[in-house]
>>> print(open('model23.cif').read())   # mmCIF, C-alpha atoms and all ligand atoms
data_structure
#
loop_
_atom_site.label_atom_id
_atom_site.label_comp_id
_atom_site.auth_asym_id
_atom_site.auth_seq_id
_atom_site.Cartn_x
_atom_site.Cartn_y
_atom_site.Cartn_z
CA MET A 23 21.69 132.86 -72.54
CA VAL A 24 21.73 134.11 -68.99
CA THR A 25 19.00 132.63 -66.82
CA ASP A 26 17.15 134.30 -63.96
CA LYS A 27 19.02 132.13 -61.49
CA GLN A 28 22.30 133.34 -62.93
CA LYS A 29 21.20 136.94 -62.75
CA GLU A 30 20.12 136.52 -59.17
CA PHE A 31 23.42 134.89 -58.33
CA ALA A 32 25.42 137.62 -60.07
CA LYS A 33 23.61 140.27 -58.07
CA LEU A 34 24.27 138.43 -54.81
CA ILE A 35 27.93 137.71 -55.48
CA GLU A 36 29.12 140.92 -57.10
CA PRO A 37 29.64 143.00 -53.93
CA HIS A 38 31.78 140.21 -52.45
CA LEU A 39 34.06 139.50 -55.40
CA PRO A 40 36.84 141.93 -54.38
CA SER A 41 36.94 140.43 -50.86
CA LEU A 42 36.88 136.87 -52.11
CA TYR A 43 39.61 137.58 -54.60
CA ASN A 44 41.71 139.40 -52.04
CA THR A 45 41.44 136.57 -49.54
CA ALA A 46 42.16 133.99 -52.23
CA LEU A 47 45.26 135.92 -53.27
CA ARG A 48 46.64 136.04 -49.75
CA MET A 49 45.91 132.34 -49.25
CA THR A 50 47.34 131.03 -52.55
CA HIS A 51 50.15 133.59 -52.97
CA ASN A 52 49.61 134.09 -56.68
CA GLN A 53 47.13 135.58 -59.07
CA ASN A 54 46.40 132.56 -61.26
CA ASP A 55 45.73 130.26 -58.34
CA ALA A 56 43.63 132.94 -56.69
CA GLU A 57 41.49 133.28 -59.80
CA ASP A 58 41.05 129.51 -59.99
CA LEU A 59 40.09 129.38 -56.33
CA VAL A 60 37.51 132.13 -56.72
CA GLN A 61 36.19 130.50 -59.87
CA ASP A 62 35.78 127.12 -58.15
CA THR A 63 34.18 128.81 -55.16
CA LEU A 64 31.64 130.56 -57.34
CA PHE A 65 30.74 127.40 -59.23
CA LYS A 66 30.14 125.59 -55.98
CA ALA A 67 28.18 128.47 -54.53
CA TYR A 68 26.04 128.66 -57.65
CA ARG A 69 25.31 124.96 -57.60
CA ALA A 70 24.47 125.09 -53.89
CA LEU A 71 22.44 128.29 -54.15
CA ASP A 72 19.19 126.45 -53.40
CA GLN A 73 20.64 125.41 -50.06
CA PHE A 74 21.39 128.96 -49.11
CA GLN A 75 18.74 130.21 -46.69
CA LYS A 76 17.51 133.63 -47.66
CA ASP A 77 17.88 136.24 -44.92
CA THR A 78 20.95 134.50 -43.55
CA ASN A 79 24.47 135.76 -44.02
CA PHE A 80 25.36 135.27 -47.69
CA ARG A 81 28.82 136.77 -47.25
CA ALA A 82 29.74 134.31 -44.49
CA TRP A 83 28.16 131.46 -46.46
CA VAL A 84 30.23 132.11 -49.56
CA PHE A 85 33.44 132.60 -47.55
CA ARG A 86 32.81 129.24 -45.94
CA ILE A 87 32.73 127.72 -49.41
CA LEU A 88 35.95 129.55 -50.31
CA VAL A 89 37.73 128.19 -47.23
CA ASN A 90 36.52 124.64 -47.83
CA THR A 91 37.56 124.83 -51.45
CA PHE A 92 40.97 126.14 -50.47
CA ILE A 93 41.54 123.43 -47.88
CA THR A 94 40.44 120.69 -50.27
CA ALA A 95 42.63 121.96 -53.11
CA TYR A 96 45.68 122.56 -50.94
CA ARG A 97 45.24 119.62 -48.60
CA LYS A 98 48.65 118.18 -49.47
CA ALA A 99 50.51 121.44 -49.20
CA ILE A 100 49.00 122.34 -45.85
CA ARG A 101 48.96 118.91 -44.27
CA GLN A 102 52.03 119.66 -42.24
CA PRO A 103 51.40 122.91 -40.44
CA GLN A 104 54.47 125.08 -40.16
CA LYS A 105 56.11 124.93 -36.79
CA VAL A 106 55.66 128.07 -34.80
CA SER A 107 57.54 128.85 -31.68
CA TYR A 108 55.26 130.13 -28.98
CA ASP A 109 58.14 131.46 -26.95
CA ASP A 110 58.22 135.18 -26.64
CA MET A 111 54.73 135.58 -27.98
CA GLU A 112 54.45 138.71 -25.95
CA GLU A 113 51.76 141.31 -26.30
CA PHE A 114 52.68 144.81 -27.54
CA PHE A 115 55.76 143.33 -29.24
CA LEU A 116 56.16 146.02 -31.87
CA TYR A 117 55.38 148.86 -29.51
CA LYS A 118 57.98 147.63 -27.04
CA ARG A 119 60.67 147.23 -29.72
CA LEU A 120 59.99 150.71 -31.03
CA ASP A 121 60.09 152.04 -27.50
CA GLU A 122 63.59 150.61 -27.07
CA THR A 123 64.78 152.28 -30.23
CA VAL A 124 66.48 155.52 -29.35
CA THR A 125 66.52 157.01 -32.85
CA ILE A 126 62.77 156.92 -33.12
CA GLN A 127 61.76 157.61 -29.57
CA GLU A 128 60.83 161.17 -30.35
CA VAL A 129 58.64 160.19 -33.28
CA PRO A 130 55.10 158.91 -32.72
CA LYS A 131 55.25 155.13 -32.94
CA GLU A 132 52.24 155.13 -35.21
CA GLU A 133 54.46 156.69 -37.85
CA PHE A 134 56.31 153.40 -38.14
CA LEU A 135 53.02 151.76 -39.10
CA GLU A 136 52.05 154.46 -41.58
CA ASN A 137 55.42 154.13 -43.29
CA LEU A 138 55.15 150.41 -43.91
CA PHE A 139 54.62 149.57 -47.55
CA ASP A 140 51.56 147.62 -48.62
CA ASP A 141 53.93 144.97 -49.92
CA ASP A 142 55.57 144.60 -46.51
CA VAL A 143 52.22 143.97 -44.89
CA LYS A 144 51.17 141.55 -47.63
CA GLU A 145 54.44 139.68 -47.44
CA ALA A 146 54.21 139.43 -43.66
CA LEU A 147 50.69 138.07 -43.97
CA ASP A 148 51.73 135.63 -46.68
CA ASN A 149 54.41 134.25 -44.40
CA LEU A 150 52.06 133.46 -41.54
CA PRO A 151 51.18 129.78 -41.20
CA TYR A 152 47.93 129.39 -43.11
CA GLN A 153 45.68 128.73 -40.10
CA PHE A 154 46.75 132.01 -38.53
CA ARG A 155 46.72 133.88 -41.81
CA LEU A 156 43.17 132.81 -42.58
CA VAL A 157 41.79 133.97 -39.25
CA VAL A 158 43.66 137.29 -39.32
CA LEU A 159 42.39 137.95 -42.84
CA LEU A 160 38.82 137.10 -41.95
CA CYS A 161 38.83 139.25 -38.81
CA ASP A 162 41.14 142.18 -39.46
CA VAL A 163 40.81 142.56 -43.21
CA GLU A 164 37.29 141.31 -43.92
CA GLY A 165 35.73 142.35 -40.61
CA PHE A 166 33.97 139.11 -39.74
CA SER A 167 32.97 138.54 -36.10
CA TYR A 168 34.45 135.72 -34.00
CA ASN A 169 31.22 133.74 -34.36
CA GLU A 170 31.12 134.17 -38.12
CA ILE A 171 34.75 133.04 -38.36
CA ALA A 172 34.07 130.00 -36.19
CA ASN A 173 31.35 129.08 -38.65
CA ILE A 174 33.42 129.84 -41.75
CA ILE A 175 36.44 127.77 -40.70
CA ASP A 176 34.36 125.21 -38.80
CA ALA A 177 36.29 125.53 -35.54
CA PRO A 178 35.37 126.35 -31.94
CA LEU A 179 35.39 129.96 -30.78
CA GLY A 180 38.42 129.35 -28.54
CA THR A 181 40.43 128.15 -31.53
CA VAL A 182 39.46 131.24 -33.51
CA MET A 183 40.59 133.49 -30.67
CA SER A 184 43.90 131.78 -30.03
CA ARG A 185 44.79 131.70 -33.75
CA LEU A 186 43.82 135.31 -34.18
CA TYR A 187 45.83 136.57 -31.22
CA ARG A 188 48.87 134.48 -32.10
CA GLY A 189 48.57 135.49 -35.74
CA ARG A 190 48.60 139.17 -34.88
CA LYS A 191 51.58 138.77 -32.58
CA LEU A 192 53.51 136.86 -35.22
CA LEU A 193 52.64 139.53 -37.75
CA GLN A 194 54.18 142.20 -35.53
CA ARG A 195 57.29 140.08 -35.19
CA TYR A 196 57.60 139.65 -38.97
CA LEU A 197 57.04 143.35 -39.63
CA TRP A 198 59.71 144.25 -37.12
CA ASN A 199 62.15 141.89 -38.80
CA TYR A 200 61.38 143.34 -42.26
CA ALA A 201 61.83 146.84 -40.95
CA LYS A 202 65.28 145.95 -39.71
CA LYS A 203 66.18 144.05 -42.87
CA ARG A 204 65.05 146.85 -45.16
CA GLY A 205 66.83 149.50 -43.15
CA TYR A 206 63.77 151.32 -41.83
CA ILE A 207 65.35 150.71 -38.47
CA THR A 208 69.05 151.30 -38.85
CA ASP A 209 71.88 149.83 -36.86
CA GLU A 210 72.62 153.26 -35.50
CA PHE A 211 70.01 152.87 -32.86
CA LEU A 212 71.14 152.07 -29.38
CA PRO A 213 69.00 150.15 -26.98
CA LYS A 214 67.88 152.17 -24.00
CA LYS A 215 69.91 151.61 -20.86
CA MET B 16 43.71 135.00 -15.18
CA SER B 17 42.75 132.63 -12.39
CA SER B 18 39.11 132.53 -11.41
CA TYR B 19 39.58 133.54 -7.79
CA GLN B 20 40.44 136.96 -9.10
CA LYS B 21 37.22 137.39 -10.97
CA ASN B 22 35.72 139.73 -8.43
CA LYS B 23 38.55 142.18 -8.59
CA GLN B 24 37.54 145.80 -8.59
CA GLU B 25 40.37 147.19 -10.64
CA PHE B 26 42.44 146.23 -13.66
CA ASP B 27 46.21 146.53 -13.49
CA CYS B 28 48.67 146.77 -16.40
CA ALA B 29 48.90 142.98 -16.65
CA ASP B 30 45.12 142.76 -17.11
CA ILE B 31 45.34 145.27 -19.93
CA GLU B 32 47.93 143.10 -21.62
CA GLU B 33 45.73 140.06 -21.19
CA TYR B 34 42.56 141.65 -22.55
CA VAL B 35 43.87 144.11 -25.13
CA GLN B 36 42.90 142.07 -28.17
CA GLN B 37 39.42 141.27 -26.90
CA TYR B 38 38.95 144.91 -25.99
CA LEU B 39 39.92 146.08 -29.47
CA ASP B 40 37.66 143.48 -31.06
CA ASN B 41 34.87 144.71 -28.83
CA VAL B 42 34.05 141.33 -27.34
CA LEU B 43 34.65 142.04 -23.64
CA ASP B 44 31.62 141.86 -21.38
CA GLU B 45 30.34 145.13 -19.92
CA GLU B 46 32.06 144.72 -16.56
CA LYS B 47 35.51 143.94 -18.01
CA LYS B 48 35.13 146.68 -20.58
CA ARG B 49 34.39 149.17 -17.80
CA LEU B 50 37.42 148.04 -15.75
CA PHE B 51 39.58 148.14 -18.86
CA GLU B 52 38.56 151.68 -19.75
CA GLU B 53 38.94 152.86 -16.17
CA HIS B 54 42.53 151.69 -16.19
CA ILE B 55 43.56 153.29 -19.47
CA GLU B 56 41.85 156.49 -18.38
CA TYR B 57 44.58 157.11 -15.81
CA CYS B 58 47.45 154.88 -17.04
CA LEU B 59 49.14 156.76 -19.87
CA PRO B 60 51.61 153.99 -20.89
CA CYS B 61 48.74 151.52 -21.34
CA ASP B 62 46.63 154.08 -23.13
CA LYS B 63 49.43 154.71 -25.62
CA LYS B 64 49.89 151.00 -26.22
CA ILE B 65 46.19 150.53 -26.85
CA GLU B 66 46.16 153.38 -29.36
CA PHE B 67 49.11 151.80 -31.13
CA GLU B 68 47.40 148.40 -31.31
CA ARG B 69 44.23 150.01 -32.59
CA ARG B 70 46.19 151.68 -35.36
CA PHE B 71 48.02 148.41 -36.07
CA LYS B 72 44.71 146.69 -36.77
CA GLU B 73 43.64 149.50 -39.09
CA ILE B 74 46.94 149.47 -40.95
CA ILE B 75 46.67 145.74 -41.59
CA ARG B 76 43.18 146.25 -43.01
CA LEU B 77 44.19 149.18 -45.19
CA LYS B 78 47.44 147.81 -46.52
CA ALA B 79 46.41 144.21 -47.09
CA LYS B 80 43.59 145.11 -49.46
CA GLU B 81 44.20 144.58 -53.12
CA ASN B 82 42.71 147.42 -55.10
CA LEU B 83 41.00 145.71 -57.95
CA PRO B 84 39.89 147.99 -60.75
CA HIS B 85 36.15 148.00 -61.30
CA GLU B 86 36.59 146.85 -64.88
CA THR B 87 38.43 143.74 -63.75
CA ILE B 88 35.58 142.79 -61.44
CA ASP B 89 32.98 143.42 -64.14
CA LYS B 90 34.95 141.42 -66.65
CA LYS B 91 35.38 138.50 -64.26
CA LEU B 92 31.74 138.48 -63.38
CA LYS B 93 30.74 138.41 -67.03
CA GLU B 94 33.16 135.56 -67.76
CA LEU B 95 31.85 133.69 -64.81
CA LEU B 96 28.22 134.02 -65.82
CA GLU B 97 29.05 132.76 -69.29
CA ASN B 98 30.82 129.77 -67.79
CA LEU B 99 27.95 128.88 -65.50
CA SER B 100 25.60 128.03 -68.32
ZN ZN C 1 48.61 150.35 -17.18
#
>>> encode(input="model23.cif", output="structure tokens", more="lines below")
Ligand SMILES: [Zn+2]
Amino acid sequence: MVTDKQKEFAKLIEPHLPSLYNTALRMTHNQNDAEDLVQDTLFKAYRALDQFQKDTNFRAWVFRILVNTFITAYRKAIRQPQKVSYDDMEEFFLYKRLDETVTIQEVPKEEFLENLFDDDVKEALDNLPYQFRLVVLLCDVEGFSYNEIANIIDAPLGTVMSRLYRGRKLLQRYLWNYAKKRGYITDEFLPKK
Amino acid sequence: MSSYQKNKQEFDCADIEEYVQQYLDNVLDEEKKRLFEEHIEYCLPCDKKIEFERRFKEIIRLKAKENLPHETIDKKLKELLENLS
């Protein structure tokens, strides 16, 4: 039998399931683990539903539970953050590389972005160190504000910003490397003089 | 940027590089936003870079989304409700 509380919860959670699942998938890298993570998140959210203040941000609240559940479950795996080199973390990385590429100088640079496959973007995201990946997902994919993200990941605003900006720069770097590896950018190109 | 520069009247290309992400996320204060937009109004190279970065953000959003069929979501939700009791 489905109780009123369950019905209420189902109504609240339904619009957010695709986002939760999508984020879980990018964080865990595979479908089974993502489903488990969402499942655990929903159990916790349901149990804590009385603590949720009506008229506050349910979406941010439930994402906070997702992130906590992820970090608890993957504590061992993520204990040692991947080393990231902060050298050459320049802004406009991709734009500048494309600009140096003679063969595509006449083509709008945006076309490079349009031509990326979904799988390239997903793989690049999956390869980001998890702290960066999480913040990029929450901001650029899920559209949360800096303040909401600070609350969701329980970190100061400055940390959110630095992870987000570094994450995006790394992402451009990875996408450029894939493009070269997959032959979207061929060896024929000559750097500008 | 160092604080002694905070009263500057104009943004140069380096300022654009420094503030591009905050500009695109729409978190710059009014004054900086105005200076930023004034610069890209007349500086074509910066304007093109900003457009590219704007598109980059959109592409990440569009291509990183998993398109879950509606039936899958409905099925999951039903399973979940059954498991809650
Ligand atoms: Zn400029």
>>> residues_near_ligand(input="model23.cif", ligand="ligand ZN 1 (chain C)", cutoff="7 Å", atoms="only C-alpha atoms and all ligand atoms", output="list in words")
Asp27, Cys28, Ile31, His54, Ile55, Cys58, Leu59, Pro60 and Cys61 of chain B
>>> interface_residues(input="model23.cif", of="chain A", to="chain B", cutoff="7 Å", atoms="all atoms listed in the file", output="JSON, numbers by chain")
{"A": [28, 40, 44, 113, 114, 117, 132, 135, 140, 143, 144, 162, 163, 187]}
>>> atom_distance(input="model23.cif", atom1="atom CA of A:Asp148", atom2="atom CA of A:Leu193")
9.8 Å
>>> atom_distance(input="model23.cif", atom1="atom CA of A:Leu156", atom2="atom CA of A:Asp58")
17.8 Å
>>> atom_distance(input="model23.cif", atom1="atom CA of A:Arg48", atom2="atom CA of A:Leu159")
8.3 Å
>>> residues_around(input="model23.cif", residues="stretch 173-186 of chain A", least_positions_apart="2", cutoff="12 Å", atoms="all atoms listed in the file", output="ChimeraX atom specification")
/A:79-93,106,108,111,150-163,166-171,188-193 /B:34,36-37,40,42,72
>>> residues_around(input="model23.cif", residues="stretch 46-52 of chain B", least_positions_apart="4", cutoff="8 Å", atoms="only C-alpha atoms", output="list in words")
Gln24, Glu25, Phe26, Asp30, Ile31, Tyr38 and Glu56 of chain B
>>> axis_aligned_box(input="model23.cif", around="stretch 41-60 of chain B", padding_each_side="5 Å", output="JSON")
{"center_x": 41.0, "center_y": 149.2, "center_z": -22.3, "size_x": 31.3, "size_y": 25.8, "size_z": 23.1}
>>> build_atoms(input="model23.cif", residues="stretch 57-83 of chain B", atoms="N, CA and C atoms", output="compact mmCIF listing (two decimals), keeping the file's coordinate frame")
# COMPACT_ATOMS: atom_id res chain seq x y z
N TYR B 57 43.55 156.47 -16.62
CA TYR B 57 44.58 157.11 -15.81
C TYR B 57 45.99 156.59 -16.07
N CYS B 58 46.10 155.43 -16.81
CA CYS B 58 47.45 154.88 -17.04
C CYS B 58 47.90 155.24 -18.46
N LEU B 59 48.73 156.27 -18.55
CA LEU B 59 49.14 156.76 -19.87
C LEU B 59 49.91 155.71 -20.69
N PRO B 60 50.89 154.99 -20.08
CA PRO B 60 51.61 153.99 -20.89
C PRO B 60 50.67 152.96 -21.51
N CYS B 61 49.69 152.49 -20.77
CA CYS B 61 48.74 151.52 -21.34
C CYS B 61 47.90 152.17 -22.42
N ASP B 62 47.46 153.38 -22.16
CA ASP B 62 46.63 154.08 -23.13
C ASP B 62 47.37 154.22 -24.47
N LYS B 63 48.65 154.55 -24.39
CA LYS B 63 49.43 154.71 -25.62
C LYS B 63 49.58 153.39 -26.37
N LYS B 64 49.78 152.32 -25.59
CA LYS B 64 49.89 151.00 -26.22
C LYS B 64 48.59 150.60 -26.91
N ILE B 65 47.49 150.89 -26.27
CA ILE B 65 46.19 150.53 -26.85
C ILE B 65 45.97 151.29 -28.16
N GLU B 66 46.30 152.59 -28.14
CA GLU B 66 46.16 153.38 -29.36
C GLU B 66 47.01 152.81 -30.50
N PHE B 67 48.21 152.38 -30.13
CA PHE B 67 49.11 151.80 -31.13
C PHE B 67 48.51 150.51 -31.71
N GLU B 68 47.98 149.66 -30.85
CA GLU B 68 47.40 148.40 -31.31
C GLU B 68 46.16 148.64 -32.17
N ARG B 69 45.41 149.66 -31.81
CA ARG B 69 44.23 150.01 -32.59
C ARG B 69 44.64 150.41 -34.01
N ARG B 70 45.68 151.23 -34.07
CA ARG B 70 46.19 151.68 -35.36
C ARG B 70 46.78 150.51 -36.15
N PHE B 71 47.43 149.60 -35.44
CA PHE B 71 48.02 148.41 -36.07
C PHE B 71 46.94 147.63 -36.83
N LYS B 72 45.82 147.41 -36.15
CA LYS B 72 44.71 146.69 -36.77
C LYS B 72 44.23 147.40 -38.04
N GLU B 73 44.10 148.72 -37.94
CA GLU B 73 43.64 149.50 -39.09
C GLU B 73 44.61 149.41 -40.25
N ILE B 74 45.90 149.50 -39.92
CA ILE B 74 46.94 149.47 -40.95
C ILE B 74 46.91 148.13 -41.69
N ILE B 75 46.73 147.05 -40.95
CA ILE B 75 46.67 145.74 -41.59
C ILE B 75 45.50 145.72 -42.58
N ARG B 76 44.36 146.24 -42.14
CA ARG B 76 43.18 146.25 -43.01
C ARG B 76 43.44 147.08 -44.26
N LEU B 77 43.99 148.27 -44.06
CA LEU B 77 44.19 149.18 -45.19
C LEU B 77 45.23 148.68 -46.18
N LYS B 78 46.33 148.15 -45.64
CA LYS B 78 47.44 147.81 -46.52
C LYS B 78 47.37 146.40 -47.10
N ALA B 79 46.49 145.58 -46.56
CA ALA B 79 46.41 144.21 -47.09
C ALA B 79 45.37 144.09 -48.18
N LYS B 80 44.63 145.16 -48.43
CA LYS B 80 43.59 145.11 -49.46
C LYS B 80 44.19 145.30 -50.83
N GLU B 81 43.80 144.44 -51.73
CA GLU B 81 44.20 144.58 -53.12
C GLU B 81 43.20 145.52 -53.77
N ASN B 82 43.67 146.54 -54.45
CA ASN B 82 42.71 147.42 -55.10
C ASN B 82 42.43 146.96 -56.52
N LEU B 83 41.37 146.21 -56.64
CA LEU B 83 41.00 145.71 -57.95
C LEU B 83 40.23 146.77 -58.72
